[in-house]
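Engineer: There's a structure below that I have some questions on.
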Amino acid sequence: MKVQRSTIFAVNAKSNLHHFHSSQAELESVSKLLDRKWGLQSPAAPIHQISVSSTQGIGKLSFLNNTRPRLGDEVSKKRSSFYILRDDLLHPLVNGNKARKLDALLPLLQDHKVTDLVTCGGCQSAHTAAVAVSCAERGVRSHLLLRGEQPEVLTGYNLVSTMYGNVEYVPRSKYANREEMLRTHADLVAGEDGSVLWVKDLEAMDGFSSSEAASSRKVLIVNEGAGDALALLGMFRLVKYLSEDHLLGKKSRVKFVVDAGTGTSAVGLGVAAMSLGLPWEINAVMLADTLQNYKRHEARLLEEFTRQFLPSIVCSSLDTIKWVERQRPRKFGKVLEGEVEMCRKIAQETGVLVDPMYTLAAWETATELVEDEESSIVVMLHTGGTLGMFGLAQRYKSFFTNSND
């Protein structure tokens, strides 16, 4: 595969990495913020190192995986390799950035005695599947509004959502107004005696009213892709962990790479790096929206997060994030020729499964960065999503059939 240069959009005119010098008071605020219950037992995930070579000829890349790389003082900055955080291994069904974004939310479901949760996503949404499984593990009913029509064969994340949650397919015209759709369905679930809250109001209003009858339903609405300020806390926890001296440390220049669906994970990584004073740059590969809309989402999350959790920090934009075009831009949901074959090549050479919709885009960008970078550590966050390959295999049968030739 020929490595092509991506187009990088900086949040502002500055293009260099920045080291934010957080005050002691700000660092203490972050520590207090992270002193809470979490869904994941530990923020840790395996870290592997991928070596990249082109010995087969120009544009023909090969990969090699070191599953026990040196970190801490011996972390490698060599030009021909990048690290990959294997968040895809966190849980059999709830993994990747989906697990991180739910990390702070899940304990609140039990603390506030939530009975039902309403959220939405695409037909093969990894988010709705993660919500369904996580709710079922905690005795909470999940109600999942999926965009479009029910497929002929249930598979991948669609099958997981159906098995663990209550699925309803919503016409695209109705799905376009997500807020109204979610609120209407939540009111229906709550009934006359129940109550409804959005995630953003859960902590601000100290949860549901204590005067409600024990038998009444307490319904929580979670935005598509868990795109709420609360979701950023899981990324804070992850960044704090990775910045420990025995891993990436606090002084090393790091270029993080993450594929961006809603962009929430990228914003969480960026806010955390800024708040902790780390010289990190987040390369967010835009997959599902325009630069303008990603920056609008960034501004909304940043405003909500600082207002709810870190009011001492005043910031209107993040120098830590670069929104990046994927190597071969396309309409979201489309797989291009050769991409399934590349995913298969990566899997066979490294044991790491990436998918052509999301994580292949991050892998390509990480590969591109290691060709150009000598002074920074390049780290890719594996956001999971590999069960989505089952749905893609139905839609693009010829790509998967030919991959064995």
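Each chain in the structure tokens gets a letter, A, B, ..., in the order shown, and its residues are numbered from 1; ligands are numbered from 1 in order too.
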From a DSSP pass on the backbone, collect the residues of range 191-337 of chain A flagged as strand (DSSP E or B) and hand them back as an MDAnalysis selection string.

Structural biologist: chainID A and resid 195:198 218:221 254:260 280:286 321:325

Engineer: Which residues of range 32-147 of chain A sit at most 12 Å from range 329-349 of chain A, using only C-alpha atoms? Give each one's shortest atom pair and distance in Å (one decimal place), in chain and ascending residue order, as a Markdown table.

Structural biologist:
```
| residue | atom | partner | partner_atom | distance |
| --- | --- | --- | --- | --- |
| A:Ile50 | CA | A:Glu349 | CA | 10.1 |
| A:Ser51 | CA | A:Glu349 | CA | 10.6 |
| A:Val52 | CA | A:Ile346 | CA | 10.9 |
| A:Ser53 | CA | A:Glu349 | CA | 11.9 |
| A:Lys60 | CA | A:Met342 | CA | 10.8 |
| A:Leu61 | CA | A:Lys345 | CA | 9.8 |
| A:Ser62 | CA | A:Glu349 | CA | 7.6 |
| A:Phe63 | CA | A:Glu349 | CA | 6.0 |
| A:Leu64 | CA | A:Glu349 | CA | 6.2 |
| A:Asn65 | CA | A:Glu349 | CA | 7.6 |
| A:Asn66 | CA | A:Glu349 | CA | 11.1 |
| A:Gly122 | CA | A:Gly333 | CA | 10.4 |
| A:Cys123 | CA | A:Gly333 | CA | 11.3 |
| A:Gln124 | CA | A:Gly333 | CA | 10.5 |
| A:Ser125 | CA | A:Gly333 | CA | 11.7 |
```

Engineer: For those residues, write all heavy atoms to a file as a CSV table (one decimal), in the first residue's frame.

Structural biologist:
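This is the output file out-v6.csv:
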```csv
chain,number,residue,atom,x,y,z
A,50,ILE,N,4.6,-1.7,17.0
A,50,ILE,CA,4.5,-2.1,15.6
A,50,ILE,C,5.7,-1.6,14.8
A,50,ILE,O,5.8,-0.3,14.7
A,50,ILE,CB,3.2,-1.7,14.9
A,50,ILE,CG1,2.0,-2.2,15.7
A,50,ILE,CG2,3.1,-2.2,13.5
A,50,ILE,CD1,1.9,-3.7,15.9
A,51,SER,N,6.5,-2.4,14.3
A,51,SER,CA,7.6,-2.0,13.4
A,51,SER,C,7.1,-2.0,12.0
A,51,SER,O,6.4,-2.9,11.5
A,51,SER,CB,8.8,-2.9,13.5
A,51,SER,OG,9.3,-2.9,14.9
A,52,VAL,N,7.5,-1.0,11.2
A,52,VAL,CA,7.1,-0.8,9.8
A,52,VAL,C,8.3,-0.8,8.9
A,52,VAL,O,9.3,-0.2,9.2
A,52,VAL,CB,6.4,0.6,9.6
A,52,VAL,CG1,5.8,0.7,8.2
A,52,VAL,CG2,5.2,0.7,10.7
A,53,SER,N,8.2,-1.7,7.9
A,53,SER,CA,9.3,-1.7,6.9
A,53,SER,C,8.8,-1.8,5.5
A,53,SER,O,7.6,-2.1,5.3
A,53,SER,CB,10.2,-3.0,7.2
A,53,SER,OG,9.4,-4.2,7.0
A,60,LYS,N,5.3,-0.9,-0.6
A,60,LYS,CA,4.9,-2.2,-0.1
A,60,LYS,C,5.4,-2.3,1.4
A,60,LYS,O,6.5,-2.6,1.6
A,60,LYS,CB,5.6,-3.4,-0.9
A,60,LYS,CG,5.2,-3.4,-2.4
A,60,LYS,CD,3.7,-3.7,-2.6
A,60,LYS,CE,3.3,-3.8,-4.0
A,60,LYS,NZ,1.9,-4.2,-4.2
A,61,LEU,N,4.4,-2.1,2.3
A,61,LEU,CA,4.8,-2.1,3.7
A,61,LEU,C,4.6,-3.5,4.3
A,61,LEU,O,3.7,-4.2,4.0
A,61,LEU,CB,3.9,-1.1,4.4
A,61,LEU,CG,4.0,0.4,3.9
A,61,LEU,CD1,3.1,1.3,4.7
A,61,LEU,CD2,5.5,0.9,4.1
A,62,SER,N,5.5,-3.8,5.3
A,62,SER,CA,5.3,-5.0,6.1
A,62,SER,C,5.4,-4.5,7.6
A,62,SER,O,5.9,-3.5,7.9
A,62,SER,CB,6.5,-5.9,5.8
A,62,SER,OG,6.4,-6.4,4.5
A,63,PHE,N,4.7,-5.3,8.4
A,63,PHE,CA,4.6,-5.0,9.8
A,63,PHE,C,5.0,-6.1,10.7
A,63,PHE,O,4.9,-7.3,10.4
A,63,PHE,CB,3.1,-4.6,10.2
A,63,PHE,CG,2.6,-3.6,9.2
A,63,PHE,CD1,1.8,-4.0,8.2
A,63,PHE,CD2,2.8,-2.2,9.4
A,63,PHE,CE1,1.2,-3.0,7.3
A,63,PHE,CE2,2.3,-1.3,8.6
A,63,PHE,CZ,1.5,-1.7,7.5
A,64,LEU,N,5.6,-5.8,11.9
A,64,LEU,CA,6.0,-6.8,12.9
A,64,LEU,C,5.6,-6.3,14.2
A,64,LEU,O,5.8,-5.1,14.6
A,64,LEU,CB,7.5,-7.0,12.8
A,64,LEU,CG,8.1,-8.0,13.8
A,64,LEU,CD1,7.6,-9.4,13.4
A,64,LEU,CD2,9.6,-8.0,13.7
A,65,ASN,N,5.0,-7.2,15.0
A,65,ASN,CA,4.5,-6.8,16.3
A,65,ASN,C,5.4,-7.3,17.5
A,65,ASN,O,5.7,-8.5,17.6
A,65,ASN,CB,3.1,-7.4,16.5
A,65,ASN,CG,2.4,-6.9,17.8
A,65,ASN,OD1,2.9,-6.0,18.5
A,65,ASN,ND2,1.2,-7.4,18.1
A,66,ASN,N,5.8,-6.4,18.3
A,66,ASN,CA,6.5,-6.7,19.6
A,66,ASN,C,5.5,-6.5,20.7
A,66,ASN,O,5.1,-5.4,21.0
A,66,ASN,CB,7.7,-5.8,19.8
A,66,ASN,CG,8.4,-6.0,21.1
A,66,ASN,OD1,8.1,-7.0,21.8
A,66,ASN,ND2,9.4,-5.2,21.4
A,122,GLY,N,-26.1,3.8,14.8
A,122,GLY,CA,-26.3,3.1,13.5
A,122,GLY,C,-26.7,1.7,13.6
A,122,GLY,O,-26.6,1.1,14.7
A,123,CYS,N,-27.0,1.0,12.5
A,123,CYS,CA,-27.4,-0.4,12.6
A,123,CYS,C,-26.3,-1.3,13.2
A,123,CYS,O,-26.6,-2.2,13.9
A,123,CYS,CB,-27.8,-0.8,11.2
A,123,CYS,SG,-28.5,-2.5,11.1
A,124,GLN,N,-25.1,-1.0,12.9
A,124,GLN,CA,-23.9,-1.7,13.4
A,124,GLN,C,-23.2,-0.9,14.4
A,124,GLN,O,-21.9,-1.0,14.5
A,124,GLN,CB,-23.0,-2.2,12.2
A,124,GLN,CG,-23.5,-3.3,11.4
A,124,GLN,CD,-23.5,-4.6,12.2
A,124,GLN,OE1,-22.9,-4.7,13.2
A,124,GLN,NE2,-24.2,-5.6,11.7
A,125,SER,N,-23.9,-0.2,15.3
A,125,SER,CA,-23.3,0.6,16.3
A,125,SER,C,-22.6,-0.2,17.4
A,125,SER,O,-23.2,-0.9,18.1
A,125,SER,CB,-24.3,1.6,16.9
A,125,SER,OG,-23.8,2.2,18.0
```

Engineer: Restricting the calculation to only C-alpha atoms: of A:Ser275, A:Asn223, A:Ser216, A:Ser80, which residue gets closest to Met235 in chain A?

Structural biologist: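 Checking each of A:Ser275, A:Asn223, A:Ser216, A:Ser80 against Met235 in chain A, counting only C-alpha atoms, the winner is A:Ser275.
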
Engineer: In Å, with one decimal, what is the gap from CA of Ala229 in chain A to CA of Ile377 in chain A?

Structural biologist: 27.8 Å

Engineer: Mind checking which residues fall within 9 Å of Leu291 in chain A, counting only C-alpha atoms, ignoring those fewer than 5 positions away in the same chain, and posting them as a JSON list (two decimals) with C-alpha atoms, in the first residue's frame?

Structural biologist:
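Final file, out06.json:
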```json
[["chain", "number", "residue", "atom", "x", "y", "z"],
["A", 9, "PHE", "CA", -6.19, 20.89, 10.10],
["A", 286, "MET", "CA", -12.06, 12.52, 10.62],
["A", 296, "ARG", "CA", -18.32, 22.62, 16.81],
["A", 323, "TRP", "CA", -8.25, 17.08, 12.94],
["A", 324, "VAL", "CA", -6.82, 14.95, 10.12],
["A", 325, "GLU", "CA", -8.28, 13.72, 6.82]]
```

Engineer: Need the shell around Ala186 in chain A: protein/DNA/RNA residues with any atom at most 7 Å away, counting only C-alpha atoms. Skip same-chain ones fewer than 4 positions apart. Format as number ranges by chain?

Structural biologist: A: 118, 182, 190, 196, 219

Engineer: Taking into account only C-alpha atoms, which residue in the set A:Asp88, A:Ser173, A:Gln150, A:Glu180 is nearest to Asp355 in chain A?

Structural biologist: A:Asp88

Engineer: Quick one, how far is CA of Ala99 in chain A from CA of Leu188 in chain A?

Structural biologist: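 According to the coordinates, CA of Ala99 in chain A and CA of Leu188 in chain A are separated by 27.8 Å.
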
Engineer: Name the closest residue to Thr162 in chain A among the candidates A:Ala260, A:Ala132, A:Leu93, A:Leu202; distances are taken between atoms, counting only C-alpha atoms.

Structural biologist: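 Looking at the shortest contact to Thr162 in chain A, the residue is A:Ala132.
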
Engineer: For each of A:Leu159, A:Leu242, A:Leu106, A:Leu197, take the minimum atom-to-atom distance to Glu137 in chain A, counting only C-alpha atoms, then give the residue where this is smallest.

Structural biologist: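 Residue with the minimum atom-to-atom distance to Glu137 in chain A: A:Leu106.
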
Engineer: I need the residue nearest Pro356 in chain A from this list: A:Arg326, A:Lys37, A:Arg178, A:Lys32. Use only C-alpha atoms for the distance.

Structural biologist: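 Nearest to Pro356 in chain A: A:Arg326.
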